[in-house]
$ cat my_file.pdb   # PDB, C-alpha atoms and all ligand atoms
ATOM      1  CA  MET U1244     -88.537  97.110 -50.514  1.00  0.00           C
ATOM      2  CA  PRO U1245     -85.479  98.866 -51.957  1.00  0.00           C
ATOM      3  CA  PHE U1246     -83.462  97.055 -54.601  1.00  0.00           C
ATOM      4  CA  GLN U1247     -80.686  94.840 -53.247  1.00  0.00           C
ATOM      5  CA  LEU U1248     -77.162  94.022 -54.413  1.00  0.00           C
ATOM      6  CA  PRO U1249     -77.463  90.420 -55.637  1.00  0.00           C
ATOM      7  CA  PRO U1250     -74.725  88.183 -54.217  1.00  0.00           C
ATOM      8  CA  LEU U1251     -72.088  86.876 -56.608  1.00  0.00           C
ATOM      9  CA  PRO U1252     -72.910  83.341 -57.787  1.00  0.00           C
ATOM     10  CA  PHE U1253     -69.299  82.292 -57.002  1.00  0.00           C
ATOM     11  CA  ASP U1254     -66.608  83.015 -54.434  1.00  0.00           C
ATOM     12  CA  HIS U1255     -64.780  86.327 -54.890  1.00  0.00           C
ATOM     13  CA  ALA U1256     -61.505  84.478 -55.499  1.00  0.00           C
ATOM     14  CA  ALA U1257     -62.963  81.805 -57.796  1.00  0.00           C
ATOM     15  CA  LEU U1258     -62.282  83.562 -61.116  1.00  0.00           C
ATOM     16  CA  ALA U1259     -58.590  84.274 -60.502  1.00  0.00           C
ATOM     17  CA  PRO U1260     -56.240  84.698 -62.236  1.00  0.00           C
ATOM     18  CA  HIS U1261     -58.502  85.872 -65.086  1.00  0.00           C
ATOM     19  CA  MET U1262     -60.512  88.141 -62.772  1.00  0.00           C
ATOM     20  CA  SER U1263     -59.032  88.755 -59.333  1.00  0.00           C
ATOM     21  CA  ALA U1264     -60.760  88.867 -55.953  1.00  0.00           C
ATOM     22  CA  GLU U1265     -59.674  92.496 -55.685  1.00  0.00           C
ATOM     23  CA  THR U1266     -61.407  93.350 -58.970  1.00  0.00           C
ATOM     24  CA  LEU U1267     -64.577  91.610 -57.801  1.00  0.00           C
ATOM     25  CA  ASP U1268     -64.416  93.285 -54.390  1.00  0.00           C
ATOM     26  CA  PHE U1269     -64.401  96.676 -56.108  1.00  0.00           C
ATOM     27  CA  HIS U1270     -66.535  95.883 -59.140  1.00  0.00           C
ATOM     28  CA  HIS U1271     -69.283  94.081 -57.240  1.00  0.00           C
ATOM     29  CA  GLY U1272     -68.869  95.509 -53.750  1.00  0.00           C
ATOM     30  CA  LYS U1273     -68.301  99.157 -54.697  1.00  0.00           C
ATOM     31  CA  HIS U1274     -69.383  99.872 -58.300  1.00  0.00           C
ATOM     32  CA  HIS U1275     -72.418  97.606 -58.501  1.00  0.00           C
ATOM     33  CA  GLN U1276     -73.414  98.576 -54.944  1.00  0.00           C
ATOM     34  CA  ALA U1277     -73.228 102.255 -55.922  1.00  0.00           C
ATOM     35  CA  TYR U1278     -75.599 101.668 -58.864  1.00  0.00           C
ATOM     36  CA  VAL U1279     -78.030  99.938 -56.489  1.00  0.00           C
ATOM     37  CA  ASP U1280     -77.848 102.804 -53.992  1.00  0.00           C
ATOM     38  CA  LYS U1281     -78.198 105.541 -56.631  1.00  0.00           C
ATOM     39  CA  THR U1282     -81.120 103.743 -58.263  1.00  0.00           C
ATOM     40  CA  ASN U1283     -82.898 103.410 -54.900  1.00  0.00           C
ATOM     41  CA  HIS U1284     -82.327 107.105 -54.187  1.00  0.00           C
ATOM     42  CA  LEU U1285     -83.633 108.190 -57.605  1.00  0.00           C
ATOM     43  CA  VAL U1286     -86.599 105.797 -57.460  1.00  0.00           C
ATOM     44  CA  ALA U1287     -87.619 107.223 -54.070  1.00  0.00           C
ATOM     45  CA  GLU U1288     -87.167 110.765 -55.367  1.00  0.00           C
ATOM     46  CA  ALA U1289     -89.385 110.022 -58.377  1.00  0.00           C
ATOM     47  CA  GLY U1290     -91.955 108.069 -56.340  1.00  0.00           C
ATOM     48  CA  LEU U1291     -91.555 104.962 -58.515  1.00  0.00           C
ATOM     49  CA  GLU U1292     -91.370 102.362 -55.738  1.00  0.00           C
ATOM     50  CA  GLY U1293     -93.095  99.070 -56.510  1.00  0.00           C
ATOM     51  CA  GLN U1294     -91.813  98.711 -60.075  1.00  0.00           C
ATOM     52  CA  SER U1295     -89.169  96.212 -61.091  1.00  0.00           C
ATOM     53  CA  VAL U1296     -85.720  97.231 -62.341  1.00  0.00           C
ATOM     54  CA  VAL U1297     -86.635  96.197 -65.889  1.00  0.00           C
ATOM     55  CA  GLN U1298     -89.895  98.171 -65.747  1.00  0.00           C
ATOM     56  CA  ILE U1299     -88.056 101.272 -64.549  1.00  0.00           C
ATOM     57  CA  ILE U1300     -85.423 100.996 -67.288  1.00  0.00           C
ATOM     58  CA  ALA U1301     -88.071 100.414 -69.958  1.00  0.00           C
ATOM     59  CA  LYS U1302     -90.257 103.349 -68.883  1.00  0.00           C
ATOM     60  CA  SER U1303     -87.624 105.962 -67.995  1.00  0.00           C
ATOM     61  CA  PRO U1304     -86.383 108.570 -70.459  1.00  0.00           C
ATOM     62  CA  PRO U1305     -82.599 108.778 -70.987  1.00  0.00           C
ATOM     63  CA  GLY U1306     -81.034 110.221 -67.833  1.00  0.00           C
ATOM     64  CA  PRO U1307     -79.596 109.300 -64.431  1.00  0.00           C
ATOM     65  CA  LEU U1308     -82.412 106.962 -63.360  1.00  0.00           C
ATOM     66  CA  ARG U1309     -82.359 104.911 -66.566  1.00  0.00           C
ATOM     67  CA  SER U1310     -78.539 104.769 -66.546  1.00  0.00           C
ATOM     68  CA  ASN U1311     -78.212 103.710 -62.901  1.00  0.00           C
ATOM     69  CA  ALA U1312     -81.034 101.175 -63.127  1.00  0.00           C
ATOM     70  CA  GLY U1313     -79.463  99.992 -66.398  1.00  0.00           C
ATOM     71  CA  GLN U1314     -76.158  99.423 -64.649  1.00  0.00           C
ATOM     72  CA  LEU U1315     -77.924  97.692 -61.756  1.00  0.00           C
ATOM     73  CA  TRP U1316     -79.502  95.259 -64.221  1.00  0.00           C
ATOM     74  CA  ASN U1317     -76.428  94.962 -66.502  1.00  0.00           C
ATOM     75  CA  HIS U1318     -74.153  93.910 -63.633  1.00  0.00           C
ATOM     76  CA  SER U1319     -76.765  91.577 -62.117  1.00  0.00           C
ATOM     77  CA  PHE U1320     -76.830  89.830 -65.510  1.00  0.00           C
ATOM     78  CA  PHE U1321     -73.060  89.976 -66.053  1.00  0.00           C
ATOM     79  CA  TRP U1322     -72.163  88.029 -62.880  1.00  0.00           C
ATOM     80  CA  GLN U1323     -74.433  85.210 -64.019  1.00  0.00           C
ATOM     81  CA  CYS U1324     -72.593  85.144 -67.358  1.00  0.00           C
ATOM     82  CA  LEU U1325     -69.368  84.146 -65.546  1.00  0.00           C
ATOM     83  CA  THR U1326     -68.305  80.862 -63.969  1.00  0.00           C
ATOM     84  CA  PRO U1327     -65.118  79.251 -62.667  1.00  0.00           C
ATOM     85  CA  ASP U1328     -66.332  75.937 -64.146  1.00  0.00           C
ATOM     86  CA  PHE U1329     -65.908  76.608 -67.847  1.00  0.00           C
ATOM     87  CA  GLU U1330     -67.698  74.321 -70.307  1.00  0.00           C
ATOM     88  CA  PRO U1331     -67.890  75.065 -74.043  1.00  0.00           C
ATOM     89  CA  PRO U1332     -71.225  75.889 -75.726  1.00  0.00           C
ATOM     90  CA  ALA U1333     -73.408  72.886 -76.494  1.00  0.00           C
ATOM     91  CA  GLY U1334     -76.747  71.893 -78.026  1.00  0.00           C
ATOM     92  CA  ARG U1335     -78.934  74.548 -79.681  1.00  0.00           C
ATOM     93  CA  LEU U1336     -76.504  77.313 -78.727  1.00  0.00           C
ATOM     94  CA  ALA U1337     -73.607  75.519 -80.418  1.00  0.00           C
ATOM     95  CA  ALA U1338     -75.773  75.107 -83.531  1.00  0.00           C
ATOM     96  CA  LEU U1339     -76.646  78.822 -83.567  1.00  0.00           C
ATOM     97  CA  ILE U1340     -72.980  79.745 -83.161  1.00  0.00           C
ATOM     98  CA  SER U1341     -72.094  77.446 -86.017  1.00  0.00           C
ATOM     99  CA  LYS U1342     -74.785  79.046 -88.208  1.00  0.00           C
ATOM    100  CA  ALA U1343     -73.771  82.616 -87.326  1.00  0.00           C
ATOM    101  CA  CYS U1344     -69.982  82.382 -87.193  1.00  0.00           C
ATOM    102  CA  GLY U1345     -68.811  78.909 -88.145  1.00  0.00           C
ATOM    103  CA  THR U1346     -66.955  78.167 -84.912  1.00  0.00           C
ATOM    104  CA  SER U1347     -66.968  79.236 -81.263  1.00  0.00           C
ATOM    105  CA  ASP U1348     -63.519  80.741 -81.758  1.00  0.00           C
ATOM    106  CA  GLU U1349     -64.885  82.986 -84.500  1.00  0.00           C
ATOM    107  CA  LEU U1350     -67.738  84.128 -82.268  1.00  0.00           C
ATOM    108  CA  LEU U1351     -65.275  84.881 -79.476  1.00  0.00           C
ATOM    109  CA  GLY U1352     -63.128  86.760 -81.991  1.00  0.00           C
ATOM    110  CA  ALA U1353     -66.111  88.853 -83.096  1.00  0.00           C
ATOM    111  CA  LEU U1354     -67.083  89.631 -79.486  1.00  0.00           C
ATOM    112  CA  SER U1355     -63.483  90.475 -78.654  1.00  0.00           C
ATOM    113  CA  ASP U1356     -63.178  92.717 -81.715  1.00  0.00           C
ATOM    114  CA  ALA U1357     -66.365  94.540 -80.687  1.00  0.00           C
ATOM    115  CA  ALA U1358     -64.981  94.989 -77.151  1.00  0.00           C
ATOM    116  CA  THR U1359     -61.725  96.367 -78.493  1.00  0.00           C
ATOM    117  CA  ALA U1360     -63.382  98.675 -81.024  1.00  0.00           C
ATOM    118  CA  HIS U1361     -65.955 100.136 -78.607  1.00  0.00           C
ATOM    119  CA  PHE U1362     -65.039 103.737 -77.807  1.00  0.00           C
ATOM    120  CA  GLY U1363     -65.255 104.601 -74.120  1.00  0.00           C
ATOM    121  CA  SER U1364     -67.367 102.875 -71.493  1.00  0.00           C
ATOM    122  CA  GLY U1365     -70.097 100.396 -72.290  1.00  0.00           C
ATOM    123  CA  TRP U1366     -71.134  96.829 -72.848  1.00  0.00           C
ATOM    124  CA  ILE U1367     -70.893  94.237 -75.607  1.00  0.00           C
ATOM    125  CA  TRP U1368     -74.026  92.121 -75.899  1.00  0.00           C
ATOM    126  CA  LEU U1369     -74.704  88.833 -77.594  1.00  0.00           C
ATOM    127  CA  LEU U1370     -78.397  88.948 -78.473  1.00  0.00           C
ATOM    128  CA  LEU U1371     -81.017  86.655 -79.887  1.00  0.00           C
ATOM    129  CA  ASP U1372     -82.560  88.480 -82.836  1.00  0.00           C
ATOM    130  CA  LYS U1373     -85.435  86.750 -84.619  1.00  0.00           C
ATOM    131  CA  GLY U1374     -83.915  83.377 -83.816  1.00  0.00           C
ATOM    132  CA  ASP U1375     -80.352  84.254 -84.810  1.00  0.00           C
ATOM    133  CA  LEU U1376     -77.334  85.532 -82.893  1.00  0.00           C
ATOM    134  CA  ARG U1377     -76.354  89.184 -83.127  1.00  0.00           C
ATOM    135  CA  ILE U1378     -73.637  91.281 -81.442  1.00  0.00           C
ATOM    136  CA  GLU U1379     -74.374  94.851 -80.386  1.00  0.00           C
ATOM    137  CA  ALA U1380     -72.349  97.407 -78.417  1.00  0.00           C
ATOM    138  CA  LEU U1381     -74.213  99.784 -76.091  1.00  0.00           C
ATOM    139  CA  HIS U1382     -72.692 102.880 -74.502  1.00  0.00           C
ATOM    140  CA  ASP U1383     -72.247 103.668 -70.812  1.00  0.00           C
ATOM    141  CA  GLY U1384     -75.234 102.528 -68.728  1.00  0.00           C
ATOM    142  CA  ASP U1385     -77.467 101.704 -71.674  1.00  0.00           C
ATOM    143  CA  SER U1386     -79.108  98.307 -71.280  1.00  0.00           C
ATOM    144  CA  PRO U1387     -80.940  95.738 -73.405  1.00  0.00           C
ATOM    145  CA  ALA U1388     -83.885  96.381 -71.058  1.00  0.00           C
ATOM    146  CA  ALA U1389     -84.182  99.882 -72.575  1.00  0.00           C
ATOM    147  CA  HIS U1390     -84.629  98.524 -76.101  1.00  0.00           C
ATOM    148  CA  PRO U1391     -87.903  96.719 -76.854  1.00  0.00           C
ATOM    149  CA  GLY U1392     -87.297  93.334 -78.439  1.00  0.00           C
ATOM    150  CA  MET U1393     -83.657  92.952 -77.370  1.00  0.00           C
ATOM    151  CA  GLU U1394     -83.188  89.463 -75.972  1.00  0.00           C
ATOM    152  CA  PRO U1395     -79.848  89.331 -74.109  1.00  0.00           C
ATOM    153  CA  LEU U1396     -77.861  86.105 -74.004  1.00  0.00           C
ATOM    154  CA  LEU U1397     -74.433  87.288 -72.816  1.00  0.00           C
ATOM    155  CA  GLY U1398     -73.029  90.633 -71.667  1.00  0.00           C
ATOM    156  CA  LEU U1399     -69.412  91.769 -71.412  1.00  0.00           C
ATOM    157  CA  ASP U1400     -68.633  94.821 -69.301  1.00  0.00           C
ATOM    158  CA  VAL U1401     -66.014  96.982 -71.046  1.00  0.00           C
ATOM    159  CA  TRP U1402     -65.918  99.820 -68.526  1.00  0.00           C
ATOM    160  CA  GLU U1403     -62.365 100.413 -67.280  1.00  0.00           C
ATOM    161  CA  HIS U1404     -63.446  99.468 -63.737  1.00  0.00           C
ATOM    162  CA  ALA U1405     -63.981  95.908 -65.059  1.00  0.00           C
ATOM    163  CA  TYR U1406     -60.334  95.371 -65.982  1.00  0.00           C
ATOM    164  CA  TYR U1407     -58.015  98.132 -64.817  1.00  0.00           C
ATOM    165  CA  LEU U1408     -56.782  96.407 -61.629  1.00  0.00           C
ATOM    166  CA  ASP U1409     -55.945  93.158 -63.445  1.00  0.00           C
ATOM    167  CA  TYR U1410     -55.066  94.295 -66.959  1.00  0.00           C
ATOM    168  CA  ARG U1411     -54.386  98.044 -66.595  1.00  0.00           C
ATOM    169  CA  ASN U1412     -55.348  99.592 -69.956  1.00  0.00           C
ATOM    170  CA  ALA U1413     -55.253  96.301 -71.914  1.00  0.00           C
ATOM    171  CA  ARG U1414     -58.952  95.835 -72.674  1.00  0.00           C
ATOM    172  CA  PRO U1415     -58.245  93.271 -75.461  1.00  0.00           C
ATOM    173  CA  ALA U1416     -56.388  91.014 -72.979  1.00  0.00           C
ATOM    174  CA  TYR U1417     -59.290  91.270 -70.525  1.00  0.00           C
ATOM    175  CA  ALA U1418     -61.854  90.479 -73.229  1.00  0.00           C
ATOM    176  CA  LYS U1419     -59.837  87.509 -74.480  1.00  0.00           C
ATOM    177  CA  ALA U1420     -59.433  86.070 -70.959  1.00  0.00           C
ATOM    178  CA  VAL U1421     -63.049  86.509 -69.883  1.00  0.00           C
ATOM    179  CA  LEU U1422     -64.516  85.260 -73.155  1.00  0.00           C
ATOM    180  CA  GLY U1423     -62.093  82.364 -73.429  1.00  0.00           C
ATOM    181  CA  LYS U1424     -62.017  81.201 -69.798  1.00  0.00           C
ATOM    182  CA  LEU U1425     -64.959  82.470 -67.760  1.00  0.00           C
ATOM    183  CA  VAL U1426     -68.171  82.501 -69.816  1.00  0.00           C
ATOM    184  CA  ASN U1427     -71.001  80.485 -68.312  1.00  0.00           C
ATOM    185  CA  TRP U1428     -72.274  79.065 -71.595  1.00  0.00           C
ATOM    186  CA  ALA U1429     -74.959  77.061 -69.793  1.00  0.00           C
ATOM    187  CA  PHE U1430     -76.456  80.373 -68.575  1.00  0.00           C
ATOM    188  CA  VAL U1431     -76.124  81.852 -72.075  1.00  0.00           C
ATOM    189  CA  ALA U1432     -77.948  78.813 -73.483  1.00  0.00           C
ATOM    190  CA  ARG U1433     -80.720  79.150 -70.882  1.00  0.00           C
ATOM    191  CA  ASN U1434     -81.388  82.672 -72.161  1.00  0.00           C
ATOM    192  CA  LEU U1435     -82.313  81.294 -75.578  1.00  0.00           C
ATOM    193  CA  ASP U1436     -85.803  80.941 -74.058  1.00  0.00           C
ATOM    194  CA  GLY U1437     -86.142  84.741 -74.326  1.00  0.00           C
ATOM    195  CA  ASP U1438     -86.352  85.244 -70.541  1.00  0.00           C
ATOM    196  CA  GLY U1439     -82.865  86.731 -70.089  1.00  0.00           C
ATOM    197  CA  LEU U1440     -84.206  90.086 -68.918  1.00  0.00           C
ATOM    198  CA  ALA U1441     -86.158  88.433 -66.082  1.00  0.00           C
ATOM    199  CA  ARG U1442     -83.061  86.571 -64.829  1.00  0.00           C
ATOM    200  CA  ALA U1443     -81.426  89.790 -63.588  1.00  0.00           C
ATOM    201  CA  ASP U1444     -84.633  91.598 -62.612  1.00  0.00           C
ATOM    202  CA  GLN U1445     -85.891  92.273 -59.083  1.00  0.00           C
ATOM    203  CA  GLY U1446     -88.701  94.149 -57.424  1.00  0.00           C
TER     204      GLY U1446
HETATM  205 FE    FE W1501     -69.025  97.323 -64.417  1.00  0.00          FE
END

$ encode --input "my_file.pdb" --output "structure tokens" --more "lines below"
Ligand SMILES: [Fe+2]
Amino acid sequence: MPFQLPPLPFDHAALAPHMSAETLDFHHGKHHQAYVDKTNHLVAEAGLEGQSVVQIIAKSPPGPLRSNAGQLWNHSFFWQCLTPDFEPPAGRLAALISKACGTSDELLGALSDAATAHFGSGWIWLLLDKGDLRIEALHDGDSPAAHPGMEPLLGLDVWEHAYYLDYRNARPAYAKAVLGKLVNWAFVARNLDGDGLARADQG
């Protein structure tokens, strides 16, 4: 079966005013859908049906298939990282944040700084690295699934299509709002089990 566009885990209007329904209509309904469609087309062309998105990303050389499948997975993960019902980090995650950065605000500052500093399109990832937290920026459609050993906890889309309708060119304002108001820390904490890649996989 071809890959599908996963439904958003919240109503399109639920994240406003930090992320508008119009942004989600375009970002999910147009951009993410296009990555699904292009991946399906390229998978059929290459005769790779029957493999999961993560398998395709992991096995493909750099190029259109890996980038489109990467974006299919990245966005499928990203929607799960957001929630209208914000709760601060707790438990083991809060302890890891404290160990790595001191406070949640400092972690958010570091993620926001990485988002602001990243040149061009890409993603900011919070990763679990040998039991500790680590931040890494990846370009364009690159994905944690393409890098053996990367255990994703949280992803932030810093492509212009993620923020231009709501924030125009102000990526720092977008990063501050999403990180401060919309992160689903319960989902981030669940990914401490190392199964983050599987949570946005299909096929
Ligand atoms: Fe995006």

$ residues_near_ligand --input "my_file.pdb" --ligand "ligand FE 1501 (chain W)" --cutoff "7 Å" --atoms "only C-alpha atoms and all ligand atoms" --output "VMD selection string"
chain U and resid 1270 1274 to 1275 1318 1400 1402 1404 to 1405

$ resolve_selection --input "my_file.pdb" --expression "the PyMOL selection byres (((chain U and resi 1430-1442) around 6) and not hetatm)" --output "PDB file with C-alpha atoms, in the frame of the given file"
ATOM      1  CA  LEU U1336     -76.504  77.313 -78.727  1.00  0.00           C
ATOM      2  CA  GLU U1394     -83.188  89.463 -75.972  1.00  0.00           C
ATOM      3  CA  PRO U1395     -79.848  89.331 -74.109  1.00  0.00           C
ATOM      4  CA  LEU U1396     -77.861  86.105 -74.004  1.00  0.00           C
ATOM      5  CA  LEU U1397     -74.433  87.288 -72.816  1.00  0.00           C
ATOM      6  CA  ASN U1427     -71.001  80.485 -68.312  1.00  0.00           C
ATOM      7  CA  TRP U1428     -72.274  79.065 -71.595  1.00  0.00           C
ATOM      8  CA  ALA U1429     -74.959  77.061 -69.793  1.00  0.00           C
ATOM      9  CA  ALA U1443     -81.426  89.790 -63.588  1.00  0.00           C
ATOM     10  CA  ASP U1444     -84.633  91.598 -62.612  1.00  0.00           C
TER      11      ASP U1444
END

$ residues_around --input "my_file.pdb" --residues "Gln1294 of chain U" --least-positions-apart "4" --cutoff "8 Å" --atoms "all atoms listed in the file" --output "list in words"
Gln1298, Ile1299 and Gly1446 of chain U

$ resolve_selection --input "my_file.pdb" --expression "the PyMOL selection byres (((chain U and resi 1399) around 6) and not hetatm)" --output "MDAnalysis selection string"
chainID U and resid 1366:1367 1398 1400

$ closest_residue --input "my_file.pdb" --among "U:Gly1423, U:Gly1306, U:Gly1392, U:Gly1290" --to "His1261 of chain U" --atoms "all atoms listed in the file"
U:Gly1423

$ closest_residue --input "my_file.pdb" --among "U:Ser1295, U:Thr1359, U:Thr1326, U:Ser1347" --to "Asp1254 of chain U" --atoms "all atoms listed in the file"
U:Thr1326

$ residues_around --input "my_file.pdb" --residues "Ile1300 of chain U" --least-positions-apart "4" --cutoff "8 Å" --atoms "only C-alpha atoms" --output "PyMOL selection string"
chain U and resi 1296+1308-1310+1312-1313+1386+1388-1389

$ atom_distance --input "my_file.pdb" --atom1 "atom CA of Asp1348 of chain U" --atom2 "atom CA of Leu1408 of chain U"
26.4 Å

$ closest_residue --input "my_file.pdb" --among "U:Thr1282, U:Gln1445, U:Asn1412, U:Thr1346" --to "Pro1307 of chain U" --atoms "all atoms listed in the file"
U:Thr1282

$ resolve_selection --input "my_file.pdb" --expression "the PyMOL selection byres (((chain U and resi 1324) around 6) and not hetatm)" --output "number ranges by chain"
U: 1321-1323, 1325, 1426-1427

$ closest_residue --input "my_file.pdb" --among "U:Lys1342, U:Lys1424, U:Arg1377, U:Lys1419" --to "Tyr1406 of chain U" --atoms "all atoms listed in the file"
U:Lys1419

$ residues_around --input "my_file.pdb" --residues "Leu1376 of chain U" --least-positions-apart "6" --cutoff "7 Å" --atoms "all atoms listed in the file" --output "list in words"
Leu1339, Ala1343, Leu1369 and Leu1370 of chain U

$ closest_residue --input "my_file.pdb" --among "U:Gly1293, U:Gly1272, U:Pro1327, U:Pro1415" --to "Ala1360 of chain U" --atoms "all atoms listed in the file"
U:Pro1415

$ closest_residue --input "my_file.pdb" --among "U:Leu1422, U:Asp1268, U:Leu1285, U:Leu1258" --to "Glu1349 of chain U" --atoms "only C-alpha atoms"
U:Leu1422

$ atom_distance --input "my_file.pdb" --atom1 "atom CA of Pro1331 of chain U" --atom2 "atom CA of Val1421 of chain U"
13.1 Å

$ atom_distance --input "my_file.pdb" --atom1 "atom CA of Pro1260 of chain U" --atom2 "atom CA of Ala1420 of chain U"
9.4 Å

$ residues_around --input "my_file.pdb" --residues "Gln1276 of chain U" --least-positions-apart "3" --cutoff "12 Å" --atoms "all atoms listed in the file" --output "MDAnalysis selection string"
chainID U and resid 1246:1251 1267:1273 1279:1283 1311:1312 1314:1316 1318:1319
